[in-house]
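The block underneath contains the structure these notes are about, expressed in structure tokens.
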Amino acid sequence: MREQIARDLLKIGAVFFRPDEPFLWASGIKSPVYCDNRLTLTAPDVRDHVENGLAAMIREYYPNAEALMGTSTAGIAHAAITGHLLHLPMGYVRSGSKDHGRKNRIEGKLEAGEKVVVVEDLISTGGSVIDVVDALREAGAEVLGIVSIFTYGMKRGLERLASAQVENHSLTDFDCIARVAADEGYIRPEDVERLLRFRDNPSDESWIGGKA
């Protein structure tokens, strides 16, 4: 599954490598990869692979799940489709409470003690998804874990997940996509080592331009 999803994401440009002309993240980090997993929603075959893959992971790792909660906004559609496949209720967690109406942060019915799985599109440093987990726990949910389409496997993200005592299972990861990208000619084989250096330490820009 990991390689199939990697090929899918590369094919539709949801994950796009540009090691010689890095993208600039909002955090200021220069990155050799651009990710937009929303594109999976506009590619029906890829969407089928993704949603069935997420459903399979939930069945395997979280068989006691009682509800799915998507992250806002990218995880909402995936939580809805996967929830439909599993015949489970779903909702989503806003990045902050509304300033009108009922001022909800969590949308959808959530019972105290309900066993919940968070659905996310990608995980980098882990901050936003852990914020969602914290909000659900504060509301009384039992968060079983996270499923996501793609993870960078960055040290900071792994440490944050461990500190929050929450596990994540992803359909594919940065290492796998980098290898598949090299195998299928999206990048040069010698670029893989540079990409993994970025993953290991995003603040170290020595990988840019093939510098040693």
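Ordering of the structure tokens sets the chain letters (A, B, ...), residue numbers begin anew at 1 in every chain, and ligands are numbered from 1 in the order given.
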
field: Shell of 7 Å around segment 116-133 of chain A, only C-alpha atoms, local chain residues under 3 positions omitted, as a PyMOL selection string
entry: chain A and resi 37+65-71+74-75+78-79+93+136-137+141-152+154+156-157+160-161

- request: From a DSSP pass on the backbone, collect the residues of segment 29-156 of chain A flagged as helix (DSSP H, G or I) and hand them back as an MDAnalysis selection string.
  value: chainID A and resid 37:42 44:61 76:86 127:138 155:156

Which residues of segment 14-58 of chain A have any atom within 12 Å of an atom in segment 190-205 of chain A when counting only C-alpha atoms, and what is the closest pair of atoms for each, with the distance in Å to one decimal? Order the rows by chain and rising number and write it as a Markdown table.
| residue | atom | partner | partner_atom | distance |
| --- | --- | --- | --- | --- |
| A:Phe17 | CA | A:Leu195 | CA | 9.1 |
| A:Arg18 | CA | A:Leu195 | CA | 9.8 |
| A:Pro19 | CA | A:Asp191 | CA | 7.3 |
| A:Asp20 | CA | A:Asp191 | CA | 9.3 |
| A:Pro22 | CA | A:Glu205 | CA | 10.1 |
| A:Leu24 | CA | A:Pro202 | CA | 11.6 |
| A:Trp25 | CA | A:Pro202 | CA | 10.9 |
| A:Ser27 | CA | A:Ser203 | CA | 10.7 |
| A:Gly28 | CA | A:Ser203 | CA | 9.4 |
| A:Ile29 | CA | A:Ser203 | CA | 6.6 |
| A:Lys30 | CA | A:Glu205 | CA | 7.5 |
| A:Ser31 | CA | A:Phe198 | CA | 7.5 |
| A:Pro32 | CA | A:Leu195 | CA | 7.0 |
| A:Val33 | CA | A:Leu195 | CA | 8.7 |

Residue with smallest distance to Leu39 of chain A - pool A:Leu9, A:Pro63, A:Tyr186, A:Ser163, counting only C-alpha atoms: A:Leu9

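Using only C-alpha atoms, the shortest contact distance between Asp8 of chain A and any of A:Ala139, A:Met57, A:Leu110, A:Val46 is found at A:Val46.
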
- line: Across A:Arg94, A:Leu158, A:Val166, A:Asp36, the smallest distance to Ala135 of chain A, with only C-alpha atoms counted, is shown by A:Arg94

task: List every residue of segment 126-162 of chain A that DSSP, applied to the backbone of this structure, assigns to strand (DSSP E or B), and report them as a list in words.
output: Glu142, Val143, Leu144, Gly145, Ile146, Val147, Ser148, Ile149, Phe150 and Thr151 of chain A

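Distances here use only C-alpha atoms; by that measure, the residue among A:His169, A:Asp134, A:Ala14, A:Ala43 closest to Ala56 of chain A is A:His169.
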
field: Closest of A:Gly91, A:Gly209, A:Gly153, A:Gly53 to Cys176 of chain A - atom-to-atom distances counting only C-alpha atoms
entry: A:Gly153

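For the pair atom CA of Ser95 of chain A and atom CA of Glu107 of chain A, the interatomic distance is 11.3 Å.
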